[in-house]
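Data from entry.pdb: PDB, C-alpha atoms
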ATOM      1  CA  MET A   1    -223.962 -74.895  41.944
ATOM      2  CA  LEU A   2    -227.428 -75.667  40.533
ATOM      3  CA  GLY A   3    -226.303 -79.257  39.950
ATOM      4  CA  LEU A   4    -225.703 -79.735  43.681
ATOM      5  CA  ARG A   5    -229.363 -80.547  44.363
ATOM      6  CA  GLY A   6    -229.365 -83.521  42.003
ATOM      7  CA  VAL A   7    -225.988 -84.747  43.277
ATOM      8  CA  LEU A   8    -227.150 -84.676  46.893
ATOM      9  CA  LEU A   9    -230.372 -86.518  46.076
ATOM     10  CA  ASP A  10    -228.398 -89.173  44.183
ATOM     11  CA  LEU A  11    -226.203 -89.596  47.281
ATOM     12  CA  GLY A  12    -229.233 -89.936  49.570
ATOM     13  CA  VAL A  13    -229.106 -86.512  51.265
ATOM     14  CA  GLU A  14    -232.003 -84.041  51.444
ATOM     15  CA  PRO A  15    -230.701 -80.697  50.027
ATOM     16  CA  ALA A  16    -233.051 -78.367  51.958
ATOM     17  CA  GLU A  17    -232.063 -79.915  55.283
ATOM     18  CA  LEU A  18    -228.360 -79.597  54.561
ATOM     19  CA  LEU A  19    -228.747 -75.994  53.374
ATOM     20  CA  ARG A  20    -230.476 -75.074  56.628
ATOM     21  CA  GLU A  21    -227.643 -76.684  58.594
ATOM     22  CA  ALA A  22    -225.184 -74.536  56.640
ATOM     23  CA  GLY A  23    -227.154 -71.391  57.528
ATOM     24  CA  LEU A  24    -228.410 -70.908  53.977
ATOM     25  CA  GLY A  25    -231.920 -70.572  52.636
ATOM     26  CA  PRO A  26    -233.519 -73.931  51.762
ATOM     27  CA  ASP A  27    -234.565 -72.568  48.363
ATOM     28  CA  LEU A  28    -231.083 -71.305  47.422
ATOM     29  CA  LEU A  29    -230.624 -73.924  44.692
ATOM     30  CA  ASP A  30    -234.048 -73.366  43.147
ATOM     31  CA  SER A  31    -233.134 -70.524  40.786
ATOM     32  CA  PRO A  32    -230.075 -69.535  38.720
ATOM     33  CA  ASP A  33    -230.734 -65.920  39.763
ATOM     34  CA  ASN A  34    -229.888 -66.648  43.395
ATOM     35  CA  VAL A  35    -226.459 -65.506  44.556
ATOM     36  CA  MET A  36    -224.060 -66.805  47.213
ATOM     37  CA  SER A  37    -220.589 -65.708  48.225
ATOM     38  CA  PHE A  38    -217.477 -67.641  47.206
ATOM     39  CA  ALA A  39    -216.741 -68.419  50.870
ATOM     40  CA  ALA A  40    -220.306 -69.632  51.482
ATOM     41  CA  ARG A  41    -220.025 -71.934  48.483
ATOM     42  CA  GLY A  42    -216.863 -73.434  49.938
ATOM     43  CA  ARG A  43    -218.444 -73.929  53.361
ATOM     44  CA  LEU A  44    -221.469 -75.580  51.777
ATOM     45  CA  LEU A  45    -219.345 -77.933  49.680
ATOM     46  CA  ALA A  46    -217.252 -78.850  52.724
ATOM     47  CA  ARG A  47    -220.403 -79.728  54.678
ATOM     48  CA  CYS A  48    -221.735 -81.722  51.733
ATOM     49  CA  VAL A  49    -218.519 -83.761  51.508
ATOM     50  CA  GLU A  50    -218.613 -84.379  55.253
ATOM     51  CA  ARG A  51    -222.246 -85.505  55.163
ATOM     52  CA  THR A  52    -222.033 -87.679  52.041
ATOM     53  CA  GLY A  53    -218.519 -89.034  52.474
ATOM     54  CA  CYS A  54    -217.984 -88.376  48.758
ATOM     55  CA  ASP A  55    -214.550 -86.777  48.266
ATOM     56  CA  HIS A  56    -215.186 -86.031  44.576
ATOM     57  CA  LEU A  57    -218.504 -84.253  45.128
ATOM     58  CA  GLY A  58    -217.241 -81.039  43.515
ATOM     59  CA  LEU A  59    -216.430 -82.987  40.348
ATOM     60  CA  LEU A  60    -219.973 -84.420  40.280
ATOM     61  CA  VAL A  61    -221.496 -80.946  40.634
ATOM     62  CA  GLY A  62    -219.314 -79.446  37.896
ATOM     63  CA  ALA A  63    -220.102 -82.367  35.608
ATOM     64  CA  ARG A  64    -223.744 -81.196  35.534
ATOM     65  CA  ALA A  65    -222.879 -77.665  34.373
ATOM     66  CA  ASN A  66    -222.350 -76.182  30.900
ATOM     67  CA  LEU A  67    -222.467 -72.866  29.036
ATOM     68  CA  THR A  68    -226.044 -72.288  30.151
ATOM     69  CA  SER A  69    -224.834 -72.381  33.772
ATOM     70  CA  LEU A  70    -222.769 -69.245  33.068
ATOM     71  CA  GLY A  71    -225.877 -67.170  32.382
ATOM     72  CA  LEU A  72    -225.373 -64.126  30.148
ATOM     73  CA  VAL A  73    -221.647 -64.844  29.960
ATOM     74  CA  GLY A  74    -222.345 -68.271  28.504
ATOM     75  CA  LEU A  75    -225.007 -66.974  26.134
ATOM     76  CA  LEU A  76    -222.602 -64.398  24.715
ATOM     77  CA  ALA A  77    -219.915 -67.058  24.237
ATOM     78  CA  ARG A  78    -222.348 -69.096  22.122
ATOM     79  CA  GLN A  79    -222.560 -66.206  19.640
ATOM     80  CA  CYS A  80    -218.800 -66.075  18.967
ATOM     81  CA  ALA A  81    -217.233 -67.168  15.682
ATOM     82  CA  THR A  82    -214.536 -69.518  17.029
ATOM     83  CA  VAL A  83    -213.695 -71.531  20.143
ATOM     84  CA  GLU A  84    -210.899 -69.074  20.957
ATOM     85  CA  LEU A  85    -213.194 -66.041  20.760
ATOM     86  CA  ALA A  86    -215.778 -67.830  22.894
ATOM     87  CA  TRP A  87    -213.202 -68.448  25.627
ATOM     88  CA  ARG A  88    -211.763 -64.936  25.341
ATOM     89  CA  SER A  89    -215.283 -63.673  25.987
ATOM     90  CA  ILE A  90    -215.750 -65.980  28.987
ATOM     91  CA  VAL A  91    -212.380 -65.011  30.466
ATOM     92  CA  ARG A  92    -213.113 -61.307  29.997
ATOM     93  CA  HIS A  93    -216.510 -61.388  31.684
ATOM     94  CA  LEU A  94    -216.292 -64.244  34.190
ATOM     95  CA  HIS A  95    -215.843 -61.852  37.110
ATOM     96  CA  LEU A  96    -219.538 -60.984  36.676
ATOM     97  CA  HIS A  97    -220.323 -64.624  37.427
ATOM     98  CA  THR A  98    -217.845 -65.334  40.230
ATOM     99  CA  ASN A  99    -215.657 -62.970  42.242
ATOM    100  CA  GLY A 100    -213.473 -65.496  44.049
ATOM    101  CA  ALA A 101    -211.583 -66.954  41.110
ATOM    102  CA  SER A 102    -210.482 -66.245  37.555
ATOM    103  CA  THR A 103    -209.968 -68.192  34.349
ATOM    104  CA  ALA A 104    -207.260 -67.606  31.749
ATOM    105  CA  LEU A 105    -206.569 -68.919  28.255
ATOM    106  CA  ILE A 106    -202.871 -69.395  27.461
ATOM    107  CA  ASP A 107    -201.805 -70.349  23.934
ATOM    108  CA  TYR A 108    -198.289 -71.817  23.749
ATOM    109  CA  GLY A 109    -198.485 -72.526  20.023
ATOM    110  CA  GLN A 110    -199.016 -76.278  19.891
ATOM    111  CA  VAL A 111    -200.553 -76.599  23.356
ATOM    112  CA  ALA A 112    -203.145 -74.369  25.026
ATOM    113  CA  LEU A 113    -204.188 -74.164  28.673
ATOM    114  CA  LEU A 114    -207.445 -73.096  30.296
ATOM    115  CA  THR A 115    -206.562 -72.297  33.898
ATOM    116  CA  TYR A 116    -208.684 -71.703  36.994
ATOM    117  CA  ASP A 117    -207.083 -69.722  39.815
ATOM    118  CA  ILE A 118    -208.780 -69.362  43.197
ATOM    119  CA  HIS A 119    -208.089 -66.017  44.889
ATOM    120  CA  GLU A 120    -209.182 -66.847  48.439
ATOM    121  CA  ALA A 121    -206.515 -69.268  49.618
ATOM    122  CA  SER A 122    -208.100 -69.761  53.058
ATOM    123  CA  ALA A 123    -211.613 -70.503  51.772
ATOM    124  CA  PRO A 124    -212.868 -73.996  52.658
ATOM    125  CA  ALA A 125    -213.168 -76.810  50.102
ATOM    126  CA  ASN A 126    -211.015 -75.097  47.483
ATOM    127  CA  ASP A 127    -210.143 -78.548  46.152
ATOM    128  CA  GLN A 128    -213.839 -79.256  45.545
ATOM    129  CA  VAL A 129    -214.321 -75.852  43.903
ATOM    130  CA  ALA A 130    -211.366 -76.466  41.567
ATOM    131  CA  ASP A 131    -212.570 -79.964  40.657
ATOM    132  CA  GLY A 132    -215.979 -78.564  39.753
ATOM    133  CA  ALA A 133    -214.532 -75.649  37.780
ATOM    134  CA  LEU A 134    -212.350 -77.878  35.597
ATOM    135  CA  ALA A 135    -215.328 -80.160  35.009
ATOM    136  CA  VAL A 136    -217.256 -77.110  33.758
ATOM    137  CA  ILE A 137    -214.344 -76.121  31.496
ATOM    138  CA  VAL A 138    -214.276 -79.607  29.957
ATOM    139  CA  ASN A 139    -218.058 -79.620  29.536
ATOM    140  CA  VAL A 140    -217.925 -76.239  27.771
ATOM    141  CA  MET A 141    -215.189 -77.527  25.450
ATOM    142  CA  ARG A 142    -217.296 -80.611  24.661
ATOM    143  CA  GLU A 143    -220.249 -78.343  23.999
ATOM    144  CA  LEU A 144    -218.184 -76.213  21.607
ATOM    145  CA  CYS A 145    -216.100 -78.961  19.991
ATOM    146  CA  GLY A 146    -218.307 -82.060  20.195
ATOM    147  CA  ALA A 147    -219.153 -84.637  22.851
ATOM    148  CA  ASP A 148    -216.142 -86.800  21.886
ATOM    149  CA  TRP A 149    -213.637 -84.014  22.685
ATOM    150  CA  ASN A 150    -211.038 -84.927  25.313
ATOM    151  CA  PRO A 151    -208.238 -82.869  26.872
ATOM    152  CA  ALA A 152    -204.603 -83.891  26.591
ATOM    153  CA  GLN A 153    -204.121 -83.572  30.354
ATOM    154  CA  VAL A 154    -205.900 -82.210  33.422
ATOM    155  CA  MET A 155    -203.886 -80.639  36.261
ATOM    156  CA  LEU A 156    -205.197 -80.214  39.798
ATOM    157  CA  ALA A 157    -203.355 -78.279  42.510
ATOM    158  CA  HIS A 158    -204.351 -80.567  45.377
ATOM    159  CA  ARG A 159    -203.505 -83.977  46.741
ATOM    160  CA  LYS A 160    -204.627 -87.115  44.984
ATOM    161  CA  PRO A 161    -207.743 -88.534  46.656
ATOM    162  CA  ALA A 162    -207.760 -92.108  47.923
ATOM    163  CA  ASP A 163    -209.952 -93.114  44.984
ATOM    164  CA  ALA A 164    -209.279 -91.100  41.813
ATOM    165  CA  ARG A 165    -211.206 -93.302  39.382
ATOM    166  CA  ALA A 166    -214.048 -90.785  39.011
ATOM    167  CA  PHE A 167    -211.604 -88.171  37.679
ATOM    168  CA  GLY A 168    -210.251 -90.390  34.941
ATOM    169  CA  ALA A 169    -213.740 -91.548  34.005
ATOM    170  CA  PHE A 170    -215.082 -88.014  33.579
ATOM    171  CA  PHE A 171    -212.082 -86.233  32.048
ATOM    172  CA  ARG A 172    -211.120 -89.188  29.807
ATOM    173  CA  ALA A 173    -207.505 -87.987  30.012
ATOM    174  CA  PRO A 174    -204.436 -88.284  32.278
ATOM    175  CA  VAL A 175    -204.965 -86.382  35.544
ATOM    176  CA  LEU A 176    -201.959 -84.851  37.337
ATOM    177  CA  PHE A 177    -202.487 -84.148  41.035
ATOM    178  CA  ASP A 178    -200.203 -81.953  43.196
ATOM    179  CA  ALA A 179    -199.801 -79.741  40.117
ATOM    180  CA  ASP A 180    -198.689 -76.121  40.323
ATOM    181  CA  ARG A 181    -202.040 -74.905  38.959
ATOM    182  CA  ASN A 182    -205.568 -75.980  38.108
ATOM    183  CA  ALA A 183    -205.679 -76.305  34.320
ATOM    184  CA  VAL A 184    -206.972 -78.191  31.319
ATOM    185  CA  ALA A 185    -204.388 -78.750  28.558
ATOM    186  CA  PHE A 186    -205.340 -79.462  24.939
ATOM    187  CA  HIS A 187    -204.033 -79.109  21.389
ATOM    188  CA  ALA A 188    -204.128 -75.448  20.388
ATOM    189  CA  ASP A 189    -205.642 -76.263  16.998
ATOM    190  CA  TRP A 190    -209.012 -76.613  18.730
ATOM    191  CA  LEU A 191    -208.998 -72.855  19.338
ATOM    192  CA  HIS A 192    -209.449 -72.235  15.606
ATOM    193  CA  ARG A 193    -212.557 -74.404  15.344
ATOM    194  CA  ALA A 194    -215.415 -72.433  13.792
ATOM    195  CA  LEU A 195    -218.700 -72.273  15.662
ATOM    196  CA  PRO A 196    -222.176 -72.087  14.100
ATOM    197  CA  SER A 197    -223.015 -68.560  13.011
ATOM    198  CA  GLY A 198    -224.519 -66.655  15.916
ATOM    199  CA  ASP A 199    -227.324 -64.161  15.923
ATOM    200  CA  GLU A 200    -225.774 -60.726  15.356
ATOM    201  CA  GLU A 201    -228.684 -58.882  16.980
ATOM    202  CA  LEU A 202    -228.635 -61.192  19.999
ATOM    203  CA  ARG A 203    -224.871 -60.715  20.288
ATOM    204  CA  ARG A 204    -225.358 -56.936  20.258
ATOM    205  CA  LEU A 205    -228.083 -57.048  22.908
ATOM    206  CA  LEU A 206    -226.085 -59.385  25.151
ATOM    207  CA  GLY A 207    -223.021 -57.170  24.757
ATOM    208  CA  GLU A 208    -225.012 -54.118  25.817
ATOM    209  CA  LYS A 209    -226.450 -55.931  28.835
ATOM    210  CA  ILE A 210    -223.045 -57.183  29.959
ATOM    211  CA  ALA A 211    -221.529 -53.719  29.434
ATOM    212  CA  ALA A 212    -224.204 -52.312  31.757
ATOM    213  CA  LEU A 213    -223.382 -54.964  34.366
ATOM    214  CA  GLU A 214    -219.691 -54.115  34.023
ATOM    215  CA  VAL A 215    -220.471 -50.524  34.955
ATOM    216  CA  GLU A 216    -222.716 -51.548  37.856
ATOM    217  CA  TYR A 217    -220.694 -54.407  39.300
ATOM    218  CA  GLY A 218    -217.288 -54.149  37.640
ATOM    219  CA  GLU A 219    -214.229 -54.777  39.776
ATOM    220  CA  ALA A 220    -211.803 -52.063  40.757
ATOM    221  CA  PHE A 221    -208.685 -52.025  38.601
ATOM    222  CA  PRO A 222    -206.363 -53.548  41.264
ATOM    223  CA  GLU A 223    -208.677 -56.588  41.481
ATOM    224  CA  GLN A 224    -208.442 -57.091  37.741
ATOM    225  CA  VAL A 225    -204.644 -56.899  37.931
ATOM    226  CA  ARG A 226    -204.616 -59.395  40.815
ATOM    227  CA  ALA A 227    -206.661 -61.839  38.759
ATOM    228  CA  VAL A 228    -204.225 -61.559  35.839
ATOM    229  CA  LEU A 229    -201.158 -61.747  38.073
ATOM    230  CA  ARG A 230    -202.108 -65.124  39.517
ATOM    231  CA  THR A 231    -201.949 -66.735  36.104
ATOM    232  CA  ALA A 232    -198.977 -64.582  35.033
ATOM    233  CA  LEU A 233    -196.910 -65.736  38.026
ATOM    234  CA  LEU A 234    -197.588 -69.396  37.284
ATOM    235  CA  THR A 235    -196.654 -69.004  33.621
ATOM    236  CA  ASP A 236    -193.555 -66.816  34.082
ATOM    237  CA  HIS A 237    -195.232 -63.767  32.527
ATOM    238  CA  SER A 238    -195.390 -61.528  35.596
ATOM    239  CA  GLY A 239    -193.071 -58.708  34.530
ATOM    240  CA  ILE A 240    -194.581 -55.227  34.547
ATOM    241  CA  GLU A 241    -194.192 -54.949  30.769
ATOM    242  CA  GLN A 242    -195.904 -58.306  30.173
ATOM    243  CA  VAL A 243    -198.813 -57.572  32.513
ATOM    244  CA  ALA A 244    -199.268 -54.059  31.108
ATOM    245  CA  ARG A 245    -199.432 -55.565  27.606
ATOM    246  CA  MET A 246    -202.326 -57.785  28.742
ATOM    247  CA  PHE A 247    -204.280 -54.604  29.498
ATOM    248  CA  SER A 248    -203.041 -52.824  26.346
ATOM    249  CA  LEU A 249    -201.330 -50.230  28.548
ATOM    250  CA  HIS A 250    -197.853 -48.735  28.805
ATOM    251  CA  PRO A 251    -196.108 -49.827  32.050
ATOM    252  CA  ARG A 252    -196.064 -46.215  33.298
ATOM    253  CA  THR A 253    -199.827 -45.966  32.712
ATOM    254  CA  LEU A 254    -200.356 -49.205  34.646
ATOM    255  CA  HIS A 255    -198.327 -47.773  37.529
ATOM    256  CA  ARG A 256    -200.348 -44.547  37.552
ATOM    257  CA  ARG A 257    -203.713 -46.349  37.495
ATOM    258  CA  LEU A 258    -202.670 -48.537  40.431
ATOM    259  CA  GLN A 259    -201.308 -45.566  42.372
ATOM    260  CA  ALA A 260    -204.738 -43.945  42.047
ATOM    261  CA  PHE A 261    -206.011 -46.825  44.222
ATOM    262  CA  GLY A 262    -203.127 -46.510  46.687
ATOM    263  CA  VAL A 263    -201.265 -49.683  45.686
ATOM    264  CA  THR A 264    -198.144 -50.511  43.692
ATOM    265  CA  PHE A 265    -197.448 -53.264  41.199
ATOM    266  CA  LYS A 266    -194.829 -54.774  43.537
ATOM    267  CA  GLN A 267    -197.348 -54.937  46.376
ATOM    268  CA  LEU A 268    -199.799 -56.841  44.179
ATOM    269  CA  VAL A 269    -197.067 -59.245  43.050
ATOM    270  CA  ASP A 270    -196.154 -59.895  46.700
ATOM    271  CA  GLU A 271    -199.812 -60.430  47.655
ATOM    272  CA  CYS A 272    -200.317 -62.920  44.851
ATOM    273  CA  ARG A 273    -197.090 -64.787  45.594
ATOM    274  CA  TYR A 274    -198.053 -65.094  49.253
ATOM    275  CA  SER A 275    -201.559 -66.269  48.351
ATOM    276  CA  ILE A 276    -200.312 -68.886  45.876
ATOM    277  CA  ALA A 277    -197.598 -70.022  48.302
ATOM    278  CA  ARG A 278    -200.165 -70.676  51.056
ATOM    279  CA  GLU A 279    -202.408 -72.570  48.636
ATOM    280  CA  LEU A 280    -199.559 -74.815  47.491
ATOM    281  CA  LEU A 281    -198.327 -75.429  51.042
ATOM    282  CA  GLU A 282    -201.837 -76.228  52.269
ATOM    283  CA  ASP A 283    -203.298 -78.175  49.361
ATOM    284  CA  SER A 284    -200.278 -80.093  48.046
ATOM    285  CA  ASP A 285    -197.254 -82.012  49.306
ATOM    286  CA  LEU A 286    -194.792 -79.980  47.236
ATOM    287  CA  GLU A 287    -191.506 -79.176  48.971
ATOM    288  CA  ALA A 288    -190.560 -75.544  49.609
ATOM    289  CA  GLY A 289    -187.911 -75.691  46.883
ATOM    290  CA  LYS A 290    -190.503 -76.644  44.282
ATOM    291  CA  VAL A 291    -192.876 -73.913  45.496
ATOM    292  CA  ALA A 292    -189.998 -71.424  45.224
ATOM    293  CA  GLU A 293    -189.374 -72.541  41.637
ATOM    294  CA  ILE A 294    -193.059 -72.188  40.709
ATOM    295  CA  LEU A 295    -193.157 -68.640  42.113
ATOM    296  CA  GLY A 296    -190.019 -67.571  40.257
ATOM    297  CA  TYR A 297    -187.522 -67.416  43.147
ATOM    298  CA  ALA A 298    -183.859 -68.203  42.526
ATOM    299  CA  ASP A 299    -183.788 -70.813  45.293
ATOM    300  CA  ALA A 300    -185.596 -72.045  48.407
ATOM    301  CA  SER A 301    -183.724 -69.669  50.719
ATOM    302  CA  ALA A 302    -184.931 -66.617  48.784
ATOM    303  CA  PHE A 303    -188.490 -67.921  48.992
ATOM    304  CA  THR A 304    -188.103 -68.615  52.728
ATOM    305  CA  ARG A 305    -186.891 -65.053  53.355
ATOM    306  CA  ALA A 306    -189.879 -63.643  51.469
ATOM    307  CA  PHE A 307    -192.326 -65.944  53.269
ATOM    308  CA  ARG A 308    -190.891 -64.937  56.641
ATOM    309  CA  ARG A 309    -191.350 -61.278  55.670
ATOM    310  CA  TRP A 310    -194.996 -61.952  54.818
ATOM    311  CA  SER A 311    -195.901 -64.175  57.767
ATOM    312  CA  ASP A 312    -193.136 -63.947  60.431
ATOM    313  CA  THR A 313    -192.530 -67.684  60.042
ATOM    314  CA  THR A 314    -190.975 -70.159  57.609
ATOM    315  CA  PRO A 315    -192.892 -72.199  55.017
ATOM    316  CA  ALA A 316    -192.075 -75.453  56.818
ATOM    317  CA  ARG A 317    -193.283 -74.178  60.204
ATOM    318  CA  TRP A 318    -196.396 -72.637  58.629
ATOM    319  CA  ARG A 319    -197.294 -76.029  57.124
ATOM    320  CA  ARG A 320    -196.564 -77.880  60.399
ATOM    321  CA  ASP A 321    -198.701 -75.449  62.376
ATOM    322  CA  LEU A 322    -201.529 -75.873  59.879
ATOM    323  CA  ILE A 323    -201.396 -79.681  60.202
ATOM    324  CA  THR A 324    -201.356 -79.356  64.001
ATOM    325  CA  ARG A 325    -204.444 -77.148  63.963
ATOM    326  CA  ARG A 326    -206.235 -79.559  61.638
ATOM    327  CA  ASN A 327    -205.415 -82.570  63.832
ATOM    328  CA  ARG A 328    -206.521 -80.714  66.960
ATOM    329  CA  LYS A 329    -209.794 -79.783  65.271
ATOM    330  CA  ILE A 330    -210.406 -83.405  64.227
ATOM    331  CA  THR A 331    -209.586 -84.664  67.724
ATOM    332  CA  ASN A 332    -211.928 -82.149  69.382
ATOM    333  CA  ALA A 333    -214.704 -83.044  66.951
ATOM    334  CA  ARG A 334    -214.453 -86.698  67.980
ATOM    335  CA  ILE A 335    -214.669 -86.003  71.723
ATOM    336  CA  PRO A 336    -218.296 -86.507  72.833
TER     337      PRO A 336
END

Show me this structure written as structure tokens.
Amino acid sequence: MLGLRGVLLDLGVEPAELLREAGLGPDLLDSPDNVMSFAARGRLLARCVERTGCDHLGLLVGARANLTSLGLVGLLARQCATVELAWRSIVRHLHLHTNGASTALIDYGQVALLTYDIHEASAPANDQVADGALAVIVNVMRELCGADWNPAQVMLAHRKPADARAFGAFFRAPVLFDADRNAVAFHADWLHRALPSGDEELRRLLGEKIAALEVEYGEAFPEQVRAVLRTALLTDHSGIEQVARMFSLHPRTLHRRLQAFGVTFKQLVDECRYSIARELLEDSDLEAGKVAEILGYADASAFTRAFRRWSDTTPARWRRDLITRRNRKITNARIP
């Protein structure tokens, strides 16, 4: 978010004034050591979009970020031997940098994906957050692979804005809106690209520092499983055996570790499906049948039964009610 100050100034808005309006300290953007919650970031971005009228503001903010913006996580990635190892390191430790979303690297052989999954479906400005995150991913790839690097495709799980030219100009690749996930696709050969030899002593010191932070701020095991499940569900890898393999555990061991926290694997799968379903219904125009397919249901009726169990309503009614609430809010805001 450090790039937000420059973006606002370029758009003619005083950052300190807007931060105060959002209930945040006017010096919040002055230091990379400052911390804000995921929800507060969304509220701030939503206010910024409203004030500036710029519906691709999140993209502009992300375009100013790079590995350095990821702090210790980014510094450690710089010391890795290959692009793949750098991203494996980022994926492993990103929860120390942000606790409202997760990134995953998926290698399909010829094509690889870097995904960004937002956990808080009801947080404001999730579309702006996703736009900024994918811009950061592309900037990191250009930092690792060269400034001329371009993705094969960029996928965004929200509606296409009225003017999408800024997306094509920055990503320099086809952009698919209303996608089933937020992701950057590229040729998998880039993962094998060697990086300049890092400093072994620096890598050791950074590893020790991050290990200490893991102990102090590390997530509970169910949260780590939730983060993995979001990507696993969208890539048809959500079976207990597949997820357990991602943690190098036997399925029975995974069950026992979750039971120690009072939850089951099925409960986490249901939570993630419900979260992703609400995101897709709110942020895209996908029909219920397509959402059902994305979440691995046999048909739309099976998905509807599950959604009714979660929310006591159908997907179609949930979406209609959401639109009604939005329209009522807009109407009330316009009444003097």

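The interatomic distance for the pair atom CA of A:Leu281 and atom CA of A:His158 works out to 9.7 Å.
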
Quiz item: In Å, with one decimal, what is the gap from atom CA of A:Thr103 to atom CA of A:Asp236?
Solution: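 Separation between atom CA of A:Thr103 and atom CA of A:Asp236: 16.5 Å.
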
Exercise. Mind giving me the straight-line distance from atom CA of A:Thr115 to atom CA of A:Arg203 in Å, one decimal?
Key: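 Result for atom CA of A:Thr115 versus atom CA of A:Arg203: 25.6 Å, one decimal.
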
Quiz prompt | Selection near stretch 140-144 of chain A, 10 Å with all atoms listed in the file, sequence-local residues under 6 positions removed, as a list in words | solution = Ala65, Asn66, Leu67, Thr68, Ser69, Gly74, Ala77, Arg78, Thr82, Val83, Ala86, Trp87, Leu134, Asn150, Pro151, Trp190, Leu191, Arg193, Ala194, Leu195 and Pro196 of chain A

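Around A:Glu241, within 10 Å and counting only C-alpha atoms, the residues found are Leu249, His250, Pro251, Arg252 and Leu254 of chain A, once anything fewer than 6 positions away on its own chain is removed.
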
Quiz item: What residues come out when you apply the PyMOL selection byres ((chain A and resi 47) around 10) to this file, written as a ChimeraX atom specification?
Solution: /A:18-19,21-22,41-46,48-53,124-125

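If you measure from each of A:Ala81, A:Leu75, A:Leu2, A:Thr264 to A:Ser197 using all atoms listed in the file, the closest one turns out to be A:Ala81.
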
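For the residues A:Ala227, A:Asp199, A:Asp148, A:Gly58, ranking by smallest atom-to-atom distance to A:Leu94 using only C-alpha atoms places A:Ala227 first.
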
Quiz item: In terms of the shortest atom-to-atom distance over all atoms listed in the file, which of A:Leu8, A:Asp163, A:Cys145, A:Arg92 is closest to A:Val228?
Solution: A:Arg92

Exercise. Counting all atoms listed in the file, note down every residue that has an atom within 8 Å of the point (-203.9, -72.2, 47.5) (file coordinates), as an NGL selection string.
Key: :A and (118-122 or 126 or 157 or 275-283)

Exercise. Please provide as a VMD selection string all residues within 9 Å of A:Pro222, with the sequence filter that same-chain residues fewer than 3 positions apart are discarded (counting all atoms listed in the file).
Key: chain A and resid 219 225 to 227 257 to 258 261 263 265 268

Please, could you write that set of residues out with C-alpha atoms as an mmCIF file, keeping the file's coordinate frame?
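And here's part-v5.cif as it stands now:
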data_model
loop_
_atom_site.group_PDB
_atom_site.id
_atom_site.type_symbol
_atom_site.label_atom_id
_atom_site.label_comp_id
_atom_site.auth_asym_id
_atom_site.auth_seq_id
_atom_site.Cartn_x
_atom_site.Cartn_y
_atom_site.Cartn_z
ATOM 1 C CA GLU A 219 -214.229 -54.777 39.776
ATOM 2 C CA VAL A 225 -204.644 -56.899 37.931
ATOM 3 C CA ARG A 226 -204.616 -59.395 40.815
ATOM 4 C CA ALA A 227 -206.661 -61.839 38.759
ATOM 5 C CA ARG A 257 -203.713 -46.349 37.495
ATOM 6 C CA LEU A 258 -202.670 -48.537 40.431
ATOM 7 C CA PHE A 261 -206.011 -46.825 44.222
ATOM 8 C CA VAL A 263 -201.265 -49.683 45.686
ATOM 9 C CA PHE A 265 -197.448 -53.264 41.199
ATOM 10 C CA LEU A 268 -199.799 -56.841 44.179
#

Exercise. Go ahead and find all residues with at least one atom no further than 7 Å from (-193.5, -52.1, 38.4) in the file's coordinates, using all atoms listed in the file; report them as a ChimeraX atom specification.
Key: /A:240,255,265-266

Practice problem: Please identify all polymer residues within 10 Å of A:Phe186, counting only C-alpha atoms, omitting same-chain residues fewer than 4 positions from it, and present them as a list of chain:residue names. | Solution: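 The contact residues come out as A:Asp107, A:Gln110, A:Val111, A:Ala112, A:Leu113, A:Leu114, A:Trp149, A:Asn150, A:Pro151, A:Ala152, A:Gln153, A:Val154, A:Trp190, A:Leu191.
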
Practice problem: Check the smallest atom-to-atom distance from each of A:Cys54, A:Leu105, A:Gly23, A:Arg245 to A:Ala164 using only C-alpha atoms, then report the winner. | Solution: A:Cys54

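Near A:Arg159, within a cut-off of 8 Å and counting only C-alpha atoms, sit the residues A:Phe177, A:Asp178, A:Asp283, A:Ser284, A:Asp285, with same-chain residues fewer than 6 positions away left out.
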
Self-check item: Residues selected by the PyMOL selection byres ((chain A and resi 4) around 10), written as a PyMOL selection string
Solution: chain A and resi 1-3+5-10+15+29+45+48+57-58+60-62+64-65

Quiz item: Residues picked by the PyMOL selection byres ((chain A and resi 231) around 9) here, as a PyMOL selection string?
Solution: chain A and resi 102-104+115-117+181+227-230+232-238

For stretch 155-160 of chain A, supply N, CA and C atoms and format the output as a short mmCIF file (atom, residue, chain, number, x, y, z; two decimals), keeping the file's coordinate frame.
data_model
loop_
_atom_site.label_atom_id
_atom_site.label_comp_id
_atom_site.auth_asym_id
_atom_site.auth_seq_id
_atom_site.Cartn_x
_atom_site.Cartn_y
_atom_site.Cartn_z
N MET A 155 -204.77 -80.88 35.12
CA MET A 155 -203.89 -80.64 36.26
C MET A 155 -204.68 -80.08 37.43
N LEU A 156 -204.49 -80.65 38.60
CA LEU A 156 -205.20 -80.21 39.80
C LEU A 156 -204.20 -79.92 40.91
N ALA A 157 -204.32 -78.74 41.50
CA ALA A 157 -203.36 -78.28 42.51
C ALA A 157 -203.77 -78.72 43.91
N HIS A 158 -204.08 -80.01 44.05
CA HIS A 158 -204.35 -80.57 45.38
C HIS A 158 -203.95 -82.03 45.41
N ARG A 159 -203.95 -82.60 46.59
CA ARG A 159 -203.50 -83.98 46.74
C ARG A 159 -204.42 -84.96 46.02
N LYS A 160 -203.85 -86.07 45.63
CA LYS A 160 -204.63 -87.12 44.98
C LYS A 160 -205.55 -87.77 46.01
#
